[in-house]
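Before any comments, here is the structure.
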Amino acid sequence: MTDKRNATESEHARRVRDMFAGIASRYDLLNHLLSGNTDKRWRRLVAKKLQAALSIKGARALDVACGTGDLSLALAKASGAQIIGTDFCRPMLEIAARKAGTNVSPEIPFVEGDALKLPFTDESFDAVTIAFGLRNLSSVETGLKELFRVLKQGGRAAILEFSRPVVPGFRSLFQLYFTRVLPKIGGVISGSPGAYEYLPDSVSRFPDQKRLAAMMADVGFIEVEYKNLTGGIAALHLGMRPRS
Ligand SMILES: C[S@@+](CC[C@H](N)C(=O)[O-])C[C@H]1O[C@@H](n2cnc3c(N)ncnc32)[C@H](O)[C@@H]1O
């Protein structure tokens, strides 16, 4: 990798980390408010879709870019499996650790780590998840390769991310809300207008449902499928690491 590309990537990472550090204390409130609590339903669906992988005896799952830990908690509550959350933004992780406390069993370790270079060995998890994290990475492809690398053979990956609404009229309406209304409300409540302008911007640059499914297949996932959520505002992509 060239020095210039390296510098651009670390600049991107620094900006994203600082941005989430700046909104960490308001992140949950805004998530639930701006989505009308729909985000909670989406995360529960991830846990449901991974139920089989999480019920294997001694199952371990990694929640990448876990932020304030809502998906890690949903996975733990739904399964009783050992969940580990990882993120590169300490203030987000601190909130996650406070929320989880000792209320879940087994306890969830929240580990500082970069999704582009996960601090875990190859083939060590029965399931991996990433919710609203992939679009923030400087390379979606490298992020997918890392998810694949840490997954055991036969393990399952679940990617929850904003996507492209499928019905044209609804798409235009949602675009209006997402690009005009949401940045204003998010900016005022979080005190960081930039973060909520970045949100629709990062979604518009992210691959749509079909493209992301194709990228997953390209890095080696099989049985790739996706489900549109709330008309395609978000999508849940699932895939498996093949057994050799
Ligand atoms: C929109 S939040 C999503 C948090 C959580 N998964 C959820 O569902 O609410 C995105 C998270 O991705 C994290 N993130 C972005 N780039 C990352 C990277 N390269 N490595 C680790 N975490 C990253 C941010 O720190 C932030 O906590």
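Labels for the structure tokens follow display order: chains A, B, ..., residues from 1 in each chain, ligands from 1.
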
message: Around ligand 1, which protein and nucleic acid residues have at least one atom no more than 7 Å from it, if we count only C-alpha atoms and all ligand atoms? List them as a PyMOL selection string.
response: chain A and resi 13+16-17+20+64-71+86-89+92+113-116+130-133+136-137

field: Residue list (alpha helix (DSSP H), DSSP) for region 54-181 of chain A, as a PyMOL selection string
entry: chain A and resi 54+70-79+90-100+140-150+168-176

When you look at Lys145 (chain A) with a cut-off of 12 Å (counting only C-alpha atoms), what residues show up, excluding the ones that are within fewer than 4 positions of it in the same chain? I need them as a PDB file with all heavy atoms, in the first residue's frame.
ATOM      1  N   ALA A 115     -11.923  -2.299  12.731  1.00  0.00           N
ATOM      2  CA  ALA A 115     -12.634  -3.274  11.896  1.00  0.00           C
ATOM      3  C   ALA A 115     -11.827  -3.660  10.656  1.00  0.00           C
ATOM      4  O   ALA A 115     -12.087  -4.690  10.039  1.00  0.00           O
ATOM      5  CB  ALA A 115     -13.979  -2.686  11.463  1.00  0.00           C
ATOM      6  N   LEU A 116     -10.847  -2.824  10.304  1.00  0.00           N
ATOM      7  CA  LEU A 116     -10.032  -3.123   9.117  1.00  0.00           C
ATOM      8  C   LEU A 116      -8.831  -3.998   9.475  1.00  0.00           C
ATOM      9  O   LEU A 116      -8.098  -4.445   8.592  1.00  0.00           O
ATOM     10  CB  LEU A 116      -9.549  -1.823   8.463  1.00  0.00           C
ATOM     11  CG  LEU A 116     -10.673  -0.936   7.914  1.00  0.00           C
ATOM     12  CD1 LEU A 116     -10.112   0.397   7.427  1.00  0.00           C
ATOM     13  CD2 LEU A 116     -11.416  -1.638   6.779  1.00  0.00           C
ATOM     14  N   LYS A 117      -8.638  -4.198  10.774  1.00  0.00           N
ATOM     15  CA  LYS A 117      -7.517  -5.041  11.229  1.00  0.00           C
ATOM     16  C   LYS A 117      -7.916  -5.600  12.586  1.00  0.00           C
ATOM     17  O   LYS A 117      -7.398  -5.181  13.626  1.00  0.00           O
ATOM     18  CB  LYS A 117      -6.273  -4.168  11.346  1.00  0.00           C
ATOM     19  CG  LYS A 117      -5.002  -4.931  11.179  1.00  0.00           C
ATOM     20  CD  LYS A 117      -3.803  -4.029  11.154  1.00  0.00           C
ATOM     21  CE  LYS A 117      -2.592  -4.930  11.049  1.00  0.00           C
ATOM     22  NZ  LYS A 117      -1.365  -4.350  11.394  1.00  0.00           N
ATOM     23  N   LEU A 118      -8.866  -6.503  12.573  1.00  0.00           N
ATOM     24  CA  LEU A 118      -9.463  -6.972  13.828  1.00  0.00           C
ATOM     25  C   LEU A 118      -8.435  -7.679  14.713  1.00  0.00           C
ATOM     26  O   LEU A 118      -7.642  -8.498  14.211  1.00  0.00           O
ATOM     27  CB  LEU A 118     -10.629  -7.925  13.529  1.00  0.00           C
ATOM     28  CG  LEU A 118     -11.886  -7.257  12.951  1.00  0.00           C
ATOM     29  CD1 LEU A 118     -12.866  -8.307  12.405  1.00  0.00           C
ATOM     30  CD2 LEU A 118     -12.572  -6.385  13.994  1.00  0.00           C
ATOM     31  N   ASP A 122      -7.654 -15.872  13.166  1.00  0.00           N
ATOM     32  CA  ASP A 122      -8.476 -16.436  12.088  1.00  0.00           C
ATOM     33  C   ASP A 122      -9.442 -17.482  12.655  1.00  0.00           C
ATOM     34  O   ASP A 122      -9.107 -18.193  13.608  1.00  0.00           O
ATOM     35  CB  ASP A 122      -7.593 -17.168  11.057  1.00  0.00           C
ATOM     36  CG  ASP A 122      -6.613 -16.228  10.355  1.00  0.00           C
ATOM     37  OD1 ASP A 122      -6.643 -15.016  10.630  1.00  0.00           O
ATOM     38  OD2 ASP A 122      -5.818 -16.739   9.547  1.00  0.00           O
ATOM     39  N   VAL A 128     -20.454 -13.447  13.157  1.00  0.00           N
ATOM     40  CA  VAL A 128     -19.962 -12.064  13.226  1.00  0.00           C
ATOM     41  C   VAL A 128     -21.078 -11.146  12.746  1.00  0.00           C
ATOM     42  O   VAL A 128     -21.864 -11.500  11.855  1.00  0.00           O
ATOM     43  CB  VAL A 128     -18.691 -11.811  12.378  1.00  0.00           C
ATOM     44  CG1 VAL A 128     -17.501 -12.550  12.915  1.00  0.00           C
ATOM     45  CG2 VAL A 128     -18.920 -12.123  10.918  1.00  0.00           C
ATOM     46  N   LEU A 134     -20.318  -0.801   8.541  1.00  0.00           N
ATOM     47  CA  LEU A 134     -19.554  -1.069   7.316  1.00  0.00           C
ATOM     48  C   LEU A 134     -19.394   0.178   6.439  1.00  0.00           C
ATOM     49  O   LEU A 134     -18.349   0.418   5.856  1.00  0.00           O
ATOM     50  CB  LEU A 134     -20.258  -2.185   6.535  1.00  0.00           C
ATOM     51  CG  LEU A 134     -19.437  -2.956   5.509  1.00  0.00           C
ATOM     52  CD1 LEU A 134     -18.185  -3.568   6.112  1.00  0.00           C
ATOM     53  CD2 LEU A 134     -20.272  -4.044   4.847  1.00  0.00           C
ATOM     54  N   SER A 139     -12.548   1.169   3.539  1.00  0.00           N
ATOM     55  CA  SER A 139     -12.672   0.139   2.507  1.00  0.00           C
ATOM     56  C   SER A 139     -13.688  -0.911   2.944  1.00  0.00           C
ATOM     57  O   SER A 139     -13.446  -1.677   3.887  1.00  0.00           O
ATOM     58  CB  SER A 139     -11.318  -0.535   2.252  1.00  0.00           C
ATOM     59  OG  SER A 139     -11.517  -1.725   1.512  1.00  0.00           O
ATOM     60  N   VAL A 140     -14.824  -0.933   2.236  1.00  0.00           N
ATOM     61  CA  VAL A 140     -15.870  -1.930   2.535  1.00  0.00           C
ATOM     62  C   VAL A 140     -15.310  -3.330   2.271  1.00  0.00           C
ATOM     63  O   VAL A 140     -15.535  -4.270   3.035  1.00  0.00           O
ATOM     64  CB  VAL A 140     -17.126  -1.666   1.659  1.00  0.00           C
ATOM     65  CG1 VAL A 140     -18.148  -2.783   1.810  1.00  0.00           C
ATOM     66  CG2 VAL A 140     -17.741  -0.319   2.013  1.00  0.00           C
ATOM     67  N   GLU A 141     -14.525  -3.443   1.207  1.00  0.00           N
ATOM     68  CA  GLU A 141     -13.988  -4.750   0.826  1.00  0.00           C
ATOM     69  C   GLU A 141     -13.063  -5.308   1.920  1.00  0.00           C
ATOM     70  O   GLU A 141     -13.182  -6.478   2.310  1.00  0.00           O
ATOM     71  CB  GLU A 141     -13.228  -4.605  -0.496  1.00  0.00           C
ATOM     72  CG  GLU A 141     -12.875  -5.940  -1.096  1.00  0.00           C
ATOM     73  CD  GLU A 141     -11.839  -5.820  -2.192  1.00  0.00           C
ATOM     74  OE1 GLU A 141     -11.427  -4.690  -2.538  1.00  0.00           O
ATOM     75  OE2 GLU A 141     -11.418  -6.893  -2.674  1.00  0.00           O
ATOM     76  N   ARG A 149     -12.427 -13.489   7.628  1.00  0.00           N
ATOM     77  CA  ARG A 149     -11.212 -14.082   8.220  1.00  0.00           C
ATOM     78  C   ARG A 149     -11.458 -14.608   9.637  1.00  0.00           C
ATOM     79  O   ARG A 149     -11.014 -15.697   9.989  1.00  0.00           O
ATOM     80  CB  ARG A 149     -10.087 -13.028   8.248  1.00  0.00           C
ATOM     81  CG  ARG A 149      -8.778 -13.535   8.839  1.00  0.00           C
ATOM     82  CD  ARG A 149      -7.723 -12.448   8.905  1.00  0.00           C
ATOM     83  NE  ARG A 149      -8.012 -11.387   9.861  1.00  0.00           N
ATOM     84  CZ  ARG A 149      -7.902 -11.478  11.190  1.00  0.00           C
ATOM     85  NH1 ARG A 149      -7.519 -12.628  11.748  1.00  0.00           N
ATOM     86  NH2 ARG A 149      -8.179 -10.450  11.968  1.00  0.00           N
ATOM     87  N   VAL A 150     -12.175 -13.830  10.455  1.00  0.00           N
ATOM     88  CA  VAL A 150     -12.312 -14.241  11.871  1.00  0.00           C
ATOM     89  C   VAL A 150     -13.442 -15.265  12.084  1.00  0.00           C
ATOM     90  O   VAL A 150     -13.604 -15.792  13.181  1.00  0.00           O
ATOM     91  CB  VAL A 150     -12.530 -13.022  12.819  1.00  0.00           C
ATOM     92  CG1 VAL A 150     -11.326 -12.094  12.765  1.00  0.00           C
ATOM     93  CG2 VAL A 150     -13.818 -12.271  12.516  1.00  0.00           C
ATOM     94  N   LEU A 151     -14.197 -15.503  11.014  1.00  0.00           N
ATOM     95  CA  LEU A 151     -15.323 -16.440  11.110  1.00  0.00           C
ATOM     96  C   LEU A 151     -14.836 -17.878  10.958  1.00  0.00           C
ATOM     97  O   LEU A 151     -13.989 -18.174  10.115  1.00  0.00           O
ATOM     98  CB  LEU A 151     -16.306 -16.100   9.982  1.00  0.00           C
ATOM     99  CG  LEU A 151     -17.770 -16.455  10.097  1.00  0.00           C
ATOM    100  CD1 LEU A 151     -18.385 -15.969  11.401  1.00  0.00           C
ATOM    101  CD2 LEU A 151     -18.523 -15.837   8.910  1.00  0.00           C
ATOM    102  N   ALA A 157     -22.347 -14.687   8.986  1.00  0.00           N
ATOM    103  CA  ALA A 157     -22.144 -13.237   9.105  1.00  0.00           C
ATOM    104  C   ALA A 157     -23.468 -12.525   8.877  1.00  0.00           C
ATOM    105  O   ALA A 157     -24.279 -12.951   8.041  1.00  0.00           O
ATOM    106  CB  ALA A 157     -21.139 -12.762   8.066  1.00  0.00           C
ATOM    107  N   MET A 215     -20.463  -8.220  -3.460  1.00  0.00           N
ATOM    108  CA  MET A 215     -19.152  -8.032  -2.810  1.00  0.00           C
ATOM    109  C   MET A 215     -18.903  -9.113  -1.764  1.00  0.00           C
ATOM    110  O   MET A 215     -17.781  -9.590  -1.590  1.00  0.00           O
ATOM    111  CB  MET A 215     -19.078  -6.644  -2.145  1.00  0.00           C
ATOM    112  CG  MET A 215     -18.999  -5.517  -3.151  1.00  0.00           C
ATOM    113  SD  MET A 215     -18.996  -3.898  -2.343  1.00  0.00           S
ATOM    114  CE  MET A 215     -17.267  -3.778  -1.846  1.00  0.00           C
ATOM    115  N   MET A 216     -19.974  -9.516  -1.062  1.00  0.00           N
ATOM    116  CA  MET A 216     -19.826 -10.585  -0.065  1.00  0.00           C
ATOM    117  C   MET A 216     -19.416 -11.883  -0.762  1.00  0.00           C
ATOM    118  O   MET A 216     -18.523 -12.603  -0.299  1.00  0.00           O
ATOM    119  CB  MET A 216     -21.136 -10.793   0.708  1.00  0.00           C
ATOM    120  CG  MET A 216     -21.451  -9.688   1.693  1.00  0.00           C
ATOM    121  SD  MET A 216     -23.051  -9.927   2.506  1.00  0.00           S
ATOM    122  CE  MET A 216     -22.682 -11.281   3.641  1.00  0.00           C
ATOM    123  N   ALA A 217     -20.078 -12.171  -1.877  1.00  0.00           N
ATOM    124  CA  ALA A 217     -19.748 -13.392  -2.624  1.00  0.00           C
ATOM    125  C   ALA A 217     -18.295 -13.320  -3.110  1.00  0.00           C
ATOM    126  O   ALA A 217     -17.561 -14.318  -3.052  1.00  0.00           O
ATOM    127  CB  ALA A 217     -20.713 -13.556  -3.790  1.00  0.00           C
ATOM    128  N   ASP A 218     -17.860 -12.136  -3.532  1.00  0.00           N
ATOM    129  CA  ASP A 218     -16.486 -11.976  -4.037  1.00  0.00           C
ATOM    130  C   ASP A 218     -15.434 -12.288  -2.981  1.00  0.00           C
ATOM    131  O   ASP A 218     -14.349 -12.763  -3.305  1.00  0.00           O
ATOM    132  CB  ASP A 218     -16.248 -10.534  -4.527  1.00  0.00           C
ATOM    133  CG  ASP A 218     -16.902 -10.290  -5.880  1.00  0.00           C
ATOM    134  OD1 ASP A 218     -17.334 -11.278  -6.521  1.00  0.00           O
ATOM    135  OD2 ASP A 218     -16.996  -9.113  -6.284  1.00  0.00           O
ATOM    136  N   VAL A 219     -15.723 -11.980  -1.703  1.00  0.00           N
ATOM    137  CA  VAL A 219     -14.695 -12.276  -0.689  1.00  0.00           C
ATOM    138  C   VAL A 219     -14.796 -13.725  -0.193  1.00  0.00           C
ATOM    139  O   VAL A 219     -13.974 -14.150   0.605  1.00  0.00           O
ATOM    140  CB  VAL A 219     -14.697 -11.297   0.511  1.00  0.00           C
ATOM    141  CG1 VAL A 219     -14.594  -9.864   0.060  1.00  0.00           C
ATOM    142  CG2 VAL A 219     -15.876 -11.482   1.431  1.00  0.00           C
ATOM    143  N   GLY A 220     -15.811 -14.460  -0.663  1.00  0.00           N
ATOM    144  CA  GLY A 220     -15.858 -15.895  -0.354  1.00  0.00           C
ATOM    145  C   GLY A 220     -17.092 -16.375   0.389  1.00  0.00           C
ATOM    146  O   GLY A 220     -17.253 -17.568   0.620  1.00  0.00           O
ATOM    147  N   PHE A 221     -17.968 -15.450   0.801  1.00  0.00           N
ATOM    148  CA  PHE A 221     -19.184 -15.897   1.495  1.00  0.00           C
ATOM    149  C   PHE A 221     -20.066 -16.683   0.540  1.00  0.00           C
ATOM    150  O   PHE A 221     -20.148 -16.372  -0.651  1.00  0.00           O
ATOM    151  CB  PHE A 221     -19.977 -14.698   2.028  1.00  0.00           C
ATOM    152  CG  PHE A 221     -19.357 -14.044   3.238  1.00  0.00           C
ATOM    153  CD1 PHE A 221     -18.717 -12.819   3.139  1.00  0.00           C
ATOM    154  CD2 PHE A 221     -19.415 -14.664   4.477  1.00  0.00           C
ATOM    155  CE1 PHE A 221     -18.140 -12.214   4.246  1.00  0.00           C
ATOM    156  CE2 PHE A 221     -18.847 -14.067   5.602  1.00  0.00           C
ATOM    157  CZ  PHE A 221     -18.205 -12.837   5.482  1.00  0.00           C
ATOM    158  N   ARG A 241     -19.438 -18.628   5.872  1.00  0.00           N
ATOM    159  CA  ARG A 241     -18.092 -19.015   5.428  1.00  0.00           C
ATOM    160  C   ARG A 241     -18.131 -20.501   5.103  1.00  0.00           C
ATOM    161  O   ARG A 241     -18.498 -21.308   5.969  1.00  0.00           O
ATOM    162  CB  ARG A 241     -17.053 -18.731   6.524  1.00  0.00           C
ATOM    163  CG  ARG A 241     -15.674 -19.186   6.095  1.00  0.00           C
ATOM    164  CD  ARG A 241     -14.582 -18.734   7.019  1.00  0.00           C
ATOM    165  NE  ARG A 241     -13.324 -19.266   6.526  1.00  0.00           N
ATOM    166  CZ  ARG A 241     -12.136 -18.765   6.764  1.00  0.00           C
ATOM    167  NH1 ARG A 241     -12.022 -17.687   7.524  1.00  0.00           N
ATOM    168  NH2 ARG A 241     -11.043 -19.300   6.278  1.00  0.00           N
TER     169      ARG A 241
END

- request: Go ahead and compute the interatomic distance for CA of Ile84 (chain A) and CA of Phe125 (chain A), in Å to one decimal.
  value: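 These atoms are spaced 9.7 Å apart.
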
- prompt: Nearest to Gly186 (chain A): which of A:Tyr27, A:Phe110, A:Phe162, A:Phe174 is it, counting only C-alpha atoms?
  reply: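 For Gly186 (chain A), the nearest of the given residues is A:Tyr27.
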
- request: Write out as an NGL selection string which residues come within 6 Å of region 233-238 of chain A when counting only C-alpha atoms, dropping same-chain ones fewer than 6 positions away.
  value: :A and (157-165 or 224-227)

Each residue of region 164-220 of chain A with at least one atom at most 10 Å from region 32-41 of chain A should appear once, together with its nearest atom pair and the corresponding distance in Å (one decimal); atoms considered: only C-alpha atoms; ordering: chain, then increasing residue number; output as CSV.
residue,atom,partner,partner_atom,distance
A:Tyr177,CA,A:Leu34,CA,9.9
A:Phe178,CA,A:Leu34,CA,9.5
A:Val181,CA,A:Leu34,CA,9.7
A:Leu182,CA,A:Leu34,CA,6.9
A:Pro183,CA,A:Leu34,CA,9.9
A:Ile185,CA,A:Leu34,CA,8.2
A:Gly186,CA,A:Leu34,CA,7.8

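Distances from A:Pro119, A:Gly80, A:Gly194, A:Pro200 to Glu146 (chain A) were compared using only C-alpha atoms, and the smallest one belongs to A:Pro119.
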
- request: Find the residues around Phe206 (chain A) up to 6 Å (only C-alpha atoms counted), leave out those fewer than 2 positions away in its own chain, and share them as a ChimeraX atom specification.
  value: /A:135,203-204

Write out the residues from the selection above, keeping all heavy atoms, as a short mmCIF file (atom, residue, chain, number, x, y, z; two decimals), in the first residue's frame.
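out-v3.cif was written with the following content:
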data_model
loop_
_atom_site.label_atom_id
_atom_site.label_comp_id
_atom_site.auth_asym_id
_atom_site.auth_seq_id
_atom_site.Cartn_x
_atom_site.Cartn_y
_atom_site.Cartn_z
N ARG A 135 -20.46 0.99 6.38
CA ARG A 135 -20.40 2.17 5.49
C ARG A 135 -19.42 3.21 5.99
O ARG A 135 -19.04 4.12 5.25
CB ARG A 135 -21.81 2.75 5.31
CG ARG A 135 -22.15 3.93 6.13
CD ARG A 135 -23.61 4.25 6.09
NE ARG A 135 -24.21 3.96 7.37
CZ ARG A 135 -24.11 4.77 8.42
NH1 ARG A 135 -23.47 5.90 8.33
NH2 ARG A 135 -24.68 4.45 9.57
N VAL A 203 -24.36 7.07 3.36
CA VAL A 203 -25.29 6.05 2.85
C VAL A 203 -25.36 6.14 1.32
O VAL A 203 -25.38 5.11 0.63
CB VAL A 203 -26.70 6.22 3.47
CG1 VAL A 203 -27.70 5.27 2.83
CG2 VAL A 203 -26.64 6.02 4.98
N SER A 204 -25.34 7.36 0.79
CA SER A 204 -25.44 7.50 -0.67
C SER A 204 -24.21 6.91 -1.37
O SER A 204 -24.29 6.49 -2.52
CB SER A 204 -25.63 8.97 -1.07
OG SER A 204 -24.42 9.67 -0.86
#

message: So, with only C-alpha atoms as the atoms that count, which of A:Pro106, A:Gly191, A:Gly155, A:Pro168 lies closest to Ser25 (chain A)?
response: A:Gly191

message: Can you tell me, as a PyMOL selection string, which residues in chain A count as strand (DSSP E or B) by DSSP?
response: chain A and resi 60-64+82-87+110-112+114+117+125-131+151-162+222-229+234-240

Deliver the residues from the most recent selection as a file, using C-alpha atoms, as a CSV table (one decimal), in the first residue's frame.
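Output contents, as saved in again-v5.csv:
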chain,number,residue,atom,x,y,z
A,60,ARG,CA,-18.9,-17.1,20.4
A,61,ALA,CA,-20.0,-14.1,18.3
A,62,LEU,CA,-18.2,-10.9,17.5
A,63,ASP,CA,-20.1,-7.7,17.1
A,64,VAL,CA,-17.8,-5.4,15.0
A,82,GLN,CA,-20.5,-15.4,24.5
A,83,ILE,CA,-20.7,-12.1,22.7
A,84,ILE,CA,-17.7,-9.8,22.3
A,85,GLY,CA,-18.1,-6.2,21.1
A,86,THR,CA,-15.3,-4.3,19.3
A,87,ASP,CA,-15.1,-0.7,18.1
A,110,PHE,CA,-15.9,-4.6,24.9
A,111,VAL,CA,-12.6,-4.5,23.1
A,112,GLU,CA,-11.0,-1.6,21.4
A,114,ASP,CA,-10.1,-1.5,14.2
A,117,LYS,CA,-7.5,-5.0,11.2
A,125,PHE,CA,-16.1,-17.0,15.9
A,126,ASP,CA,-19.3,-18.9,15.1
A,127,ALA,CA,-21.0,-15.6,14.1
A,128,VAL,CA,-20.0,-12.1,13.2
A,129,THR,CA,-22.2,-9.0,13.0
A,130,ILE,CA,-21.7,-5.4,12.0
A,131,ALA,CA,-24.6,-2.9,12.2
A,151,LEU,CA,-15.3,-16.4,11.1
A,152,LYS,CA,-15.1,-20.2,11.6
A,153,GLN,CA,-15.8,-22.4,8.7
A,154,GLY,CA,-19.6,-22.8,8.6
A,155,GLY,CA,-20.0,-19.6,10.7
A,156,ARG,CA,-22.5,-16.9,9.8
A,157,ALA,CA,-22.1,-13.2,9.1
A,158,ALA,CA,-24.9,-10.6,9.4
A,159,ILE,CA,-24.6,-7.1,8.1
A,160,LEU,CA,-27.2,-4.6,9.0
A,161,GLU,CA,-26.9,-1.3,7.1
A,162,PHE,CA,-28.8,1.5,5.6
A,222,ILE,CA,-21.7,-18.4,0.3
A,223,GLU,CA,-25.5,-18.6,0.8
A,224,VAL,CA,-25.5,-14.9,0.5
A,225,GLU,CA,-29.0,-13.4,0.9
A,226,TYR,CA,-30.6,-10.2,2.0
A,227,LYS,CA,-33.8,-8.9,3.4
A,228,ASN,CA,-35.1,-5.4,2.9
A,229,LEU,CA,-36.2,-3.8,6.1
A,234,ALA,CA,-32.1,-0.7,5.7
A,235,ALA,CA,-31.1,-4.2,4.6
A,236,LEU,CA,-29.9,-7.2,6.4
A,237,HIS,CA,-27.3,-9.2,4.5
A,238,LEU,CA,-26.5,-12.8,5.6
A,239,GLY,CA,-23.7,-15.1,4.5
A,240,MET,CA,-21.8,-18.2,5.5

query: Looking at only C-alpha atoms, which of A:Phe148, A:Ser192, A:Ala78, A:Arg5 is the one that sits closest to Pro242 (chain A)?
result: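 Of A:Phe148, A:Ser192, A:Ala78, A:Arg5, the one nearest Pro242 (chain A) is A:Phe148, counting only C-alpha atoms.
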
query: Using only C-alpha atoms, which residue out of A:Glu94, A:Leu50, A:Arg171, A:Thr230 lies closest to Leu75 (chain A)?
result: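 Checking each of A:Glu94, A:Leu50, A:Arg171, A:Thr230 against Leu75 (chain A), counting only C-alpha atoms, the winner is A:Leu50.
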
message: Residues within 10 Å of Lys48 (chain A), please, as a list in words. Count only C-alpha atoms; anything in the same chain fewer than 5 positions from it doesn't count.
response: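 Returned residues: Trp42, Arg43, Leu54, Ala74, Leu75, Ala78 and Ser79 of chain A.
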
field: Two-atom distance - CA of Thr179 (chain A), CA of Asp208 (chain A) (Å)
entry: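 Going from CA of Thr179 (chain A) over to CA of Asp208 (chain A), I get 17.3 Å.
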
query: Counting only C-alpha atoms, which of A:Ala47, A:Val167, A:Val104, A:Ser138 gets nearest to His12 (chain A)?
result: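 For His12 (chain A), the nearest of the candidates is A:Ser138.
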